[in-house]
>>> print(open('entry-v3.pdb').read())   # PDB, C-alpha atoms
MODEL        1
ATOM      1  CA  ARG G   7     -10.424  18.113  -5.666
ATOM      2  CA  ALA G   8     -10.809  15.310  -8.202
ATOM      3  CA  TRP G   9      -8.828  15.709 -11.400
ATOM      4  CA  LEU G  10     -10.753  15.830 -14.660
ATOM      5  CA  PRO G  11      -9.874  13.237 -17.320
ATOM      6  CA  GLU G  12      -8.331  15.899 -19.581
ATOM      7  CA  GLU G  13      -6.195  17.141 -16.673
ATOM      8  CA  ILE G  14      -4.797  13.657 -16.160
ATOM      9  CA  GLU G  15      -4.085  13.286 -19.877
ATOM     10  CA  LYS G  16      -2.327  16.670 -20.031
ATOM     11  CA  ALA G  17      -0.348  15.945 -16.852
ATOM     12  CA  LEU G  18       0.933  12.695 -18.360
ATOM     13  CA  VAL G  19       2.080  14.632 -21.449
ATOM     14  CA  VAL G  20       3.845  17.181 -19.229
ATOM     15  CA  ALA G  21       5.495  14.345 -17.280
ATOM     16  CA  ASP G  22       6.871  12.977 -20.570
ATOM     17  CA  GLN G  23       7.985  16.463 -21.671
ATOM     18  CA  THR G  24       9.803  17.033 -18.375
ATOM     19  CA  ASP G  25      11.323  13.542 -18.501
ATOM     20  CA  ARG G  26       9.721  12.590 -15.188
ATOM     21  CA  VAL G  27       8.887   8.898 -15.347
ATOM     22  CA  ASP G  28       8.281   8.991 -11.592
ATOM     23  CA  ALA G  29       5.580  11.650 -12.072
ATOM     24  CA  LYS G  30       3.988   9.651 -14.898
ATOM     25  CA  PHE G  31       3.897   6.433 -12.872
ATOM     26  CA  GLY G  32       2.901   8.308  -9.728
ATOM     27  CA  ILE G  33      -0.069   9.976 -11.420
ATOM     28  CA  LYS G  34      -1.242   6.759 -13.048
ATOM     29  CA  THR G  35      -0.880   4.693  -9.887
ATOM     30  CA  ALA G  36      -2.663   7.186  -7.625
ATOM     31  CA  TRP G  37      -5.447   7.648 -10.188
ATOM     32  CA  LEU G  38      -6.000   3.981 -11.096
ATOM     33  CA  PHE G  39      -5.487   2.439  -7.643
ATOM     34  CA  GLY G  40      -6.330   5.295  -5.260
ATOM     35  CA  LEU G  41      -2.959   5.207  -3.537
ATOM     36  CA  ARG G  42      -1.734   7.911  -1.207
ATOM     37  CA  ILE G  43       1.479   9.646  -2.247
ATOM     38  CA  HIS G  44       3.608   7.709   0.275
ATOM     39  CA  GLU G  45       2.087   4.425  -0.922
ATOM     40  CA  VAL G  46       3.037   5.323  -4.488
ATOM     41  CA  ALA G  47       6.616   6.153  -3.470
ATOM     42  CA  LYS G  48       6.992   2.907  -1.478
ATOM     43  CA  LEU G  49       5.659   0.586  -4.193
ATOM     44  CA  ARG G  50       8.125  -2.252  -4.820
ATOM     45  CA  VAL G  51       8.692  -4.537  -7.786
ATOM     46  CA  GLU G  52       7.496  -7.523  -5.738
ATOM     47  CA  ASP G  53       4.199  -5.676  -5.043
ATOM     48  CA  ILE G  54       3.653  -5.272  -8.784
ATOM     49  CA  SER G  55       4.496  -8.930  -9.512
ATOM     50  CA  ARG G  56       2.118 -10.170  -6.825
ATOM     51  CA  ALA G  57      -0.643  -7.868  -8.084
ATOM     52  CA  ILE G  58      -0.339  -9.324 -11.571
ATOM     53  CA  GLN G  59      -0.298 -12.869 -10.190
ATOM     54  CA  TYR G  60      -3.200 -12.537  -7.725
ATOM     55  CA  GLY G  61      -5.393  -9.849  -9.305
ATOM     56  CA  GLU G  62      -5.085  -7.323  -6.494
ATOM     57  CA  LEU G  63      -2.504  -4.774  -5.417
ATOM     58  CA  THR G  64      -1.558  -5.022  -1.746
ATOM     59  CA  VAL G  65      -0.062  -1.968  -0.047
ATOM     60  CA  LYS G  66       0.865  -0.911   3.452
ATOM     61  CA  GLY G  67      -1.022   2.319   4.027
ATOM     62  CA  LYS G  68      -1.586   4.979   6.620
ATOM     63  CA  GLY G  69      -0.991   3.769  10.157
ATOM     64  CA  GLY G  70       0.699   0.602   8.860
ATOM     65  CA  PHE G  71      -2.625  -0.935   7.796
ATOM     66  CA  VAL G  72      -2.326  -3.375   4.900
ATOM     67  CA  ARG G  73      -5.040  -3.359   2.259
ATOM     68  CA  SER G  74      -5.656  -4.972  -1.100
ATOM     69  CA  ILE G  75      -7.136  -3.178  -4.088
ATOM     70  CA  ARG G  76      -8.893  -5.343  -6.657
ATOM     71  CA  ILE G  77      -7.807  -5.068 -10.263
ATOM     72  CA  HIS G  78     -11.086  -4.387 -12.014
ATOM     73  CA  ASN G  79     -10.184  -2.855 -15.372
ATOM     74  CA  GLU G  80      -7.821  -3.091 -18.297
ATOM     75  CA  ALA G  81      -6.134   0.247 -17.537
ATOM     76  CA  GLN G  82      -4.958  -1.126 -14.176
ATOM     77  CA  GLU G  83      -3.633  -4.294 -15.825
ATOM     78  CA  GLU G  84      -1.791  -2.240 -18.455
ATOM     79  CA  LEU G  85      -0.225   0.004 -15.813
ATOM     80  CA  LEU G  86       1.022  -2.970 -13.794
ATOM     81  CA  ALA G  87       2.531  -4.498 -16.946
ATOM     82  CA  GLU G  88       4.153  -1.141 -17.786
ATOM     83  CA  LEU G  89       5.590  -0.824 -14.264
ATOM     84  CA  LEU G  90       6.983  -4.365 -14.381
ATOM     85  CA  ALA G  91       8.502  -3.794 -17.834
ATOM     86  CA  TYR G  92      10.104  -0.573 -16.553
ATOM     87  CA  ALA G  93      11.512  -2.440 -13.547
ATOM     88  CA  LYS G  94      12.990  -5.183 -15.753
ATOM     89  CA  GLU G  95      14.395  -2.672 -18.239
ATOM     90  CA  ASN G  96      16.109  -0.818 -15.387
ATOM     91  CA  LYS G  97      17.287  -4.038 -13.726
ATOM     92  CA  LEU G  98      15.337  -3.387 -10.558
ATOM     93  CA  GLU G  99      15.158  -6.319  -8.173
ATOM     94  CA  LYS G 100      12.029  -7.512  -6.362
ATOM     95  CA  GLY G 101      12.730  -5.450  -3.224
ATOM     96  CA  ASP G 102      13.509  -2.247  -5.147
ATOM     97  CA  ARG G 103      11.051   0.622  -5.280
ATOM     98  CA  VAL G 104       9.582   1.368  -8.691
ATOM     99  CA  VAL G 105       8.607   5.053  -8.473
ATOM    100  CA  ALA G 106      11.310   6.102  -6.002
ATOM    101  CA  ALA G 107      13.677   3.893  -7.976
ATOM    102  CA  SER G 108      16.973   5.579  -7.180
ATOM    103  CA  ARG G 109      18.728   4.136  -4.178
ATOM    104  CA  PHE G 110      19.998   7.673  -3.464
ATOM    105  CA  VAL G 111      16.658   9.495  -3.486
ATOM    106  CA  GLY G 112      14.554   7.758  -0.852
ATOM    107  CA  VAL G 113      10.834   7.823  -0.156
ATOM    108  CA  GLY G 114      10.724  11.174   1.660
ATOM    109  CA  LYS G 115      12.549  13.022  -1.099
ATOM    110  CA  GLU G 116      10.406  11.325  -3.753
ATOM    111  CA  ILE G 117       7.219  12.439  -2.002
ATOM    112  CA  SER G 118       8.506  16.026  -1.839
ATOM    113  CA  SER G 119       9.586  15.836  -5.464
ATOM    114  CA  LEU G 120       6.174  14.604  -6.673
ATOM    115  CA  LYS G 121       4.341  17.279  -4.683
ATOM    116  CA  ALA G 122       6.673  19.975  -6.039
ATOM    117  CA  TRP G 123       6.268  18.695  -9.602
ATOM    118  CA  VAL G 124       2.471  18.989  -9.392
ATOM    119  CA  TYR G 125       2.734  22.433  -7.773
ATOM    120  CA  ASN G 126       5.237  23.717 -10.364
ATOM    121  CA  HIS G 127       3.479  22.313 -13.434
ATOM    122  CA  ARG G 128      -0.230  22.282 -12.603
ATOM    123  CA  HIS G 129      -0.726  25.539 -14.515
ATOM    124  CA  ARG G 130       0.147  23.523 -17.641
ATOM    125  CA  PHE G 131      -2.566  20.905 -17.167
ATOM    126  CA  THR G 132      -5.309  22.445 -15.010
ATOM    127  CA  VAL G 133      -8.474  23.083 -17.011
ATOM    128  CA  GLU G 134      -9.014  26.850 -16.980
ATOM    129  CA  ASP G 135     -12.674  26.853 -15.953
ATOM    130  CA  ARG G 136     -12.577  23.717 -13.815
ATOM    131  CA  ILE G 137     -14.534  25.354 -10.973
ATOM    132  CA  SER G 138     -17.539  25.912 -13.232
ATOM    133  CA  LEU G 139     -17.507  22.310 -14.518
ATOM    134  CA  VAL G 140     -19.695  20.894 -11.775
ATOM    135  CA  GLY G 141     -22.665  18.665 -12.480
ATOM    136  CA  LYS G 142     -25.977  18.933 -10.698
ATOM    137  CA  GLY G 143     -25.679  17.626  -7.147
ATOM    138  CA  GLU G 144     -21.864  17.452  -7.283
ATOM    139  CA  LYS G 145     -19.499  19.095  -4.818
ATOM    140  CA  ASP G 146     -17.728  22.318  -5.796
ATOM    141  CA  ARG G 147     -14.371  21.833  -7.460
ATOM    142  CA  SER G 148     -11.144  23.011  -5.899
ATOM    143  CA  GLU G 149      -9.294  25.629  -7.932
ATOM    144  CA  LYS G 150      -5.851  24.092  -7.446
ATOM    145  CA  LEU G 151      -4.895  20.514  -8.200
ATOM    146  CA  THR G 152      -2.939  18.477  -5.667
ATOM    147  CA  PHE G 153      -1.502  14.976  -5.893
ATOM    148  CA  HIS G 154      -4.093  13.837  -3.358
ATOM    149  CA  GLY G 155      -6.845  14.861  -5.773
ATOM    150  CA  LEU G 156      -6.028  11.746  -7.799
ATOM    151  CA  ARG G 157      -7.457   9.668  -4.918
ATOM    152  CA  TYR G 158     -10.667  11.640  -5.281
ATOM    153  CA  THR G 159     -10.763  10.774  -8.978
ATOM    154  CA  TYR G 160     -10.188   7.089  -8.198
ATOM    155  CA  THR G 161     -12.937   7.146  -5.570
ATOM    156  CA  GLN G 162     -15.458   8.675  -7.928
ATOM    157  CA  ASP G 163     -14.528   6.368 -10.819
ATOM    158  CA  TYR G 164     -14.523   3.200  -8.706
ATOM    159  CA  SER G 165     -17.795   4.174  -7.017
ATOM    160  CA  LYS G 166     -19.464   4.429 -10.443
ATOM    161  CA  HIS G 167     -17.981   1.061 -11.447
ATOM    162  CA  LEU G 168     -19.238  -0.653  -8.293
ATOM    163  CA  ARG G 169     -22.743   0.781  -8.760
ATOM    164  CA  LEU G 170     -22.840  -0.288 -12.427
ATOM    165  CA  MET G 171     -21.744  -3.799 -11.464
ATOM    166  CA  GLY G 172     -24.415  -3.966  -8.753
ATOM    167  CA  THR G 173     -21.776  -4.820  -6.170
ATOM    168  CA  PRO G 174     -23.298  -5.735  -2.792
ATOM    169  CA  ASN G 175     -21.985  -3.498  -0.006
ATOM    170  CA  ALA G 176     -20.399  -1.238  -2.639
ATOM    171  CA  GLU G 177     -19.779   1.579  -0.167
ATOM    172  CA  ARG G 178     -17.880  -0.764   2.178
ATOM    173  CA  VAL G 179     -15.854  -2.238  -0.710
ATOM    174  CA  LEU G 180     -14.906   1.274  -1.829
ATOM    175  CA  SER G 181     -14.017   2.367   1.704
ATOM    176  CA  GLU G 182     -11.793  -0.681   2.248
ATOM    177  CA  SER G 183     -10.020  -0.195  -1.103
ATOM    178  CA  LEU G 184      -9.081   3.324   0.056
ATOM    179  CA  GLY G 185      -7.958   2.098   3.471
ATOM    180  CA  HIS G 186     -10.528   4.194   5.311
ATOM    181  CA  HIS G 187     -12.458   1.391   7.037
ATOM    182  CA  ARG G 188     -15.279   3.898   7.586
ATOM    183  CA  LYS G 189     -17.864   4.878   5.006
ATOM    184  CA  THR G 190     -18.250   8.379   6.477
ATOM    185  CA  ILE G 191     -14.692   9.301   5.508
ATOM    186  CA  THR G 192     -15.074   7.849   2.022
ATOM    187  CA  ARG G 193     -18.175   9.998   1.428
ATOM    188  CA  ILE G 194     -16.002  13.105   1.657
ATOM    189  CA  TYR G 195     -14.232  11.982  -1.534
ATOM    190  CA  ARG G 196     -17.404  11.926  -3.635
TER     191      ARG G 196
ENDMDL
END
>>> encode(input="entry-v3.pdb", output="structure tokens")
Amino acid sequence: RAWLPEEIEKALVVADQTDRVDAKFGIKTAWLFGLRIHEVAKLRVEDISRAIQYGELTVKGKGGFVRSIRIHNEAQEELLAELLAYAKENKLEKGDRVVAASRFVGVGKEISSLKAWVYNHRHRFTVEDRISLVGKGEKDRSEKLTFHGLRYTYTQDYSKHLRLMGTPNAERVLSESLGHHRKTITRIYR
């Protein structure tokens, strides 16, 4: 289910071409922070400001559980700065949502809109032979991309980072950053 790097790059181009800043920010946020689609839609300006200040993004996830995701690379820092600049440029206040920015859209409609955008445009950014691009020992790839697949990409990328850094209890750290609280669920994403 994980998106390939070239699929993410192409999707961001398509988001620009379709004038969908919400899709661009949604893709980047899900990919770089492992957020679920509803967490992306609910992200507020104050969440971004705090993340920049404290070095971790705190979100309320599935089941109302609050978790913090460490900022561990430059791409995450750049995205947070881009989101904050967008919020300032559009005169969003600290309690305003960044991705579901319109006061008239709402979180539910934004979630549906992001899912529909991926469904309607994935043919433009899905790598043609993605199913055959599987390394030795890796899980089979899904034929169709979904928004949730960006969490798979985050999981795989962050897992590699934690291993390279020699992080103690890396599997637990990864599981907590995803809001799973159980390593067995996180293993499904790899």
>>> closest_residue(input="entry-v3.pdb", among="G:Trp123, G:Tyr164, G:Tyr92, G:Phe153", to="G:Ile54", atoms="all atoms listed in the file")
G:Tyr92
>>> resolve_selection(input="entry-v3.pdb", expression="the PyMOL selection byres ((chain G and resi 120) around 12)", output="number ranges by chain")
G: 21, 26-33, 36, 42-44, 46-47, 105-106, 113-119, 121-128, 152-154
>>> residues_around(input="entry-v3.pdb", residues="G:Glu15", least_positions_apart="2", cutoff="12 Å", atoms="only C-alpha atoms", output="PyMOL selection string")
chain G and resi 9-13+17-22+30+33-34+37+130-133
>>> write_last_selection(input="entry-v3.pdb", atoms="C-alpha atoms", output="CSV table (one decimal), in the coordinates of the input")
chain,number,residue,atom,x,y,z
G,9,TRP,CA,-8.8,15.7,-11.4
G,10,LEU,CA,-10.8,15.8,-14.7
G,11,PRO,CA,-9.9,13.2,-17.3
G,12,GLU,CA,-8.3,15.9,-19.6
G,13,GLU,CA,-6.2,17.1,-16.7
G,17,ALA,CA,-0.3,15.9,-16.9
G,18,LEU,CA,0.9,12.7,-18.4
G,19,VAL,CA,2.1,14.6,-21.4
G,20,VAL,CA,3.8,17.2,-19.2
G,21,ALA,CA,5.5,14.3,-17.3
G,22,ASP,CA,6.9,13.0,-20.6
G,30,LYS,CA,4.0,9.7,-14.9
G,33,ILE,CA,-0.1,10.0,-11.4
G,34,LYS,CA,-1.2,6.8,-13.0
G,37,TRP,CA,-5.4,7.6,-10.2
G,130,ARG,CA,0.1,23.5,-17.6
G,131,PHE,CA,-2.6,20.9,-17.2
G,132,THR,CA,-5.3,22.4,-15.0
G,133,VAL,CA,-8.5,23.1,-17.0
>>> closest_residue(input="entry-v3.pdb", among="G:Val104, G:Ala91, G:Ala81, G:Leu180", to="G:Gly40", atoms="only C-alpha atoms")
G:Leu180
>>> closest_residue(input="entry-v3.pdb", among="G:Thr173, G:Tyr158, G:Arg56, G:Arg50", to="G:Leu98", atoms="all atoms listed in the file")
G:Arg50
>>> residues_around(input="entry-v3.pdb", residues="G:Thr64", least_positions_apart="2", cutoff="8 Å", atoms="all atoms listed in the file", output="number ranges by chain")
G: 53, 57, 62, 66, 72-75
>>> closest_residue(input="entry-v3.pdb", among="G:Lys48, G:Lys166, G:Leu38, G:Thr161", to="G:Val111", atoms="all atoms listed in the file")
G:Lys48
>>> residues_around(input="entry-v3.pdb", residues="G:His167", least_positions_apart="5", cutoff="12 Å", atoms="all atoms listed in the file", output="PyMOL selection string")
chain G and resi 77-79+160-162+172-173+176-177+179-180
>>> build_atoms(input="entry-v3.pdb", residues="stretch 143-169 of chain G", atoms="N, CA and C atoms", output="tab-separated table (two decimals), in the coordinates of the input")
chain	number	residue	atom	x	y	z
G	143	GLY	N	-25.81	18.47	-8.34
G	143	GLY	CA	-25.68	17.63	-7.15
G	143	GLY	C	-24.24	17.28	-6.79
G	144	GLU	N	-23.27	17.74	-7.57
G	144	GLU	CA	-21.86	17.45	-7.28
G	144	GLU	C	-21.27	18.52	-6.37
G	145	LYS	N	-20.21	18.15	-5.68
G	145	LYS	CA	-19.50	19.10	-4.82
G	145	LYS	C	-18.77	20.12	-5.68
G	146	ASP	N	-18.52	21.30	-5.11
G	146	ASP	CA	-17.73	22.32	-5.80
G	146	ASP	C	-16.33	21.78	-6.05
G	147	ARG	N	-15.74	22.24	-7.13
G	147	ARG	CA	-14.37	21.83	-7.46
G	147	ARG	C	-13.37	22.77	-6.80
G	148	SER	N	-12.25	22.22	-6.42
G	148	SER	CA	-11.14	23.01	-5.90
G	148	SER	C	-10.45	23.69	-7.08
G	149	GLU	N	-9.96	24.88	-6.86
G	149	GLU	CA	-9.29	25.63	-7.93
G	149	GLU	C	-7.93	25.04	-8.26
G	150	LYS	N	-7.22	24.57	-7.25
G	150	LYS	CA	-5.85	24.09	-7.45
G	150	LYS	C	-5.75	22.58	-7.29
G	151	LEU	N	-5.10	21.96	-8.24
G	151	LEU	CA	-4.89	20.51	-8.20
G	151	LEU	C	-3.78	20.16	-7.23
G	152	THR	N	-3.98	19.04	-6.53
G	152	THR	CA	-2.94	18.48	-5.67
G	152	THR	C	-2.80	17.01	-6.03
G	153	PHE	N	-1.71	16.40	-5.63
G	153	PHE	CA	-1.50	14.98	-5.89
G	153	PHE	C	-2.62	14.16	-5.26
G	154	HIS	N	-3.05	14.57	-4.07
G	154	HIS	CA	-4.09	13.84	-3.36
G	154	HIS	C	-5.42	13.82	-4.12
G	155	GLY	N	-5.63	14.80	-4.97
G	155	GLY	CA	-6.84	14.86	-5.77
G	155	GLY	C	-7.03	13.65	-6.67
G	156	LEU	N	-5.94	12.96	-6.98
G	156	LEU	CA	-6.03	11.75	-7.80
G	156	LEU	C	-6.78	10.64	-7.05
G	157	ARG	N	-6.68	10.63	-5.73
G	157	ARG	CA	-7.46	9.67	-4.92
G	157	ARG	C	-8.95	9.98	-5.01
G	158	TYR	N	-9.27	11.24	-5.10
G	158	TYR	CA	-10.67	11.64	-5.28
G	158	TYR	C	-11.18	11.12	-6.62
G	159	THR	N	-10.37	11.26	-7.65
G	159	THR	CA	-10.76	10.77	-8.98
G	159	THR	C	-10.98	9.27	-8.94
G	160	TYR	N	-10.04	8.53	-8.34
G	160	TYR	CA	-10.19	7.09	-8.20
G	160	TYR	C	-11.48	6.74	-7.47
G	161	THR	N	-11.75	7.42	-6.37
G	161	THR	CA	-12.94	7.15	-5.57
G	161	THR	C	-14.20	7.33	-6.39
G	162	GLN	N	-14.27	8.40	-7.12
G	162	GLN	CA	-15.46	8.68	-7.93
G	162	GLN	C	-15.60	7.66	-9.07
G	163	ASP	N	-14.49	7.34	-9.72
G	163	ASP	CA	-14.53	6.37	-10.82
G	163	ASP	C	-14.90	4.97	-10.31
G	164	TYR	N	-14.27	4.54	-9.23
G	164	TYR	CA	-14.52	3.20	-8.71
G	164	TYR	C	-15.94	3.09	-8.13
G	165	SER	N	-16.43	4.16	-7.53
G	165	SER	CA	-17.80	4.17	-7.02
G	165	SER	C	-18.80	3.94	-8.15
G	166	LYS	N	-18.59	4.62	-9.27
G	166	LYS	CA	-19.46	4.43	-10.44
G	166	LYS	C	-19.39	2.98	-10.93
G	167	HIS	N	-18.17	2.45	-11.00
G	167	HIS	CA	-17.98	1.06	-11.45
G	167	HIS	C	-18.73	0.08	-10.54
G	168	LEU	N	-18.59	0.26	-9.24
G	168	LEU	CA	-19.24	-0.65	-8.29
G	168	LEU	C	-20.76	-0.58	-8.42
G	169	ARG	N	-21.29	0.63	-8.58
G	169	ARG	CA	-22.74	0.78	-8.76
G	169	ARG	C	-23.21	0.11	-10.05
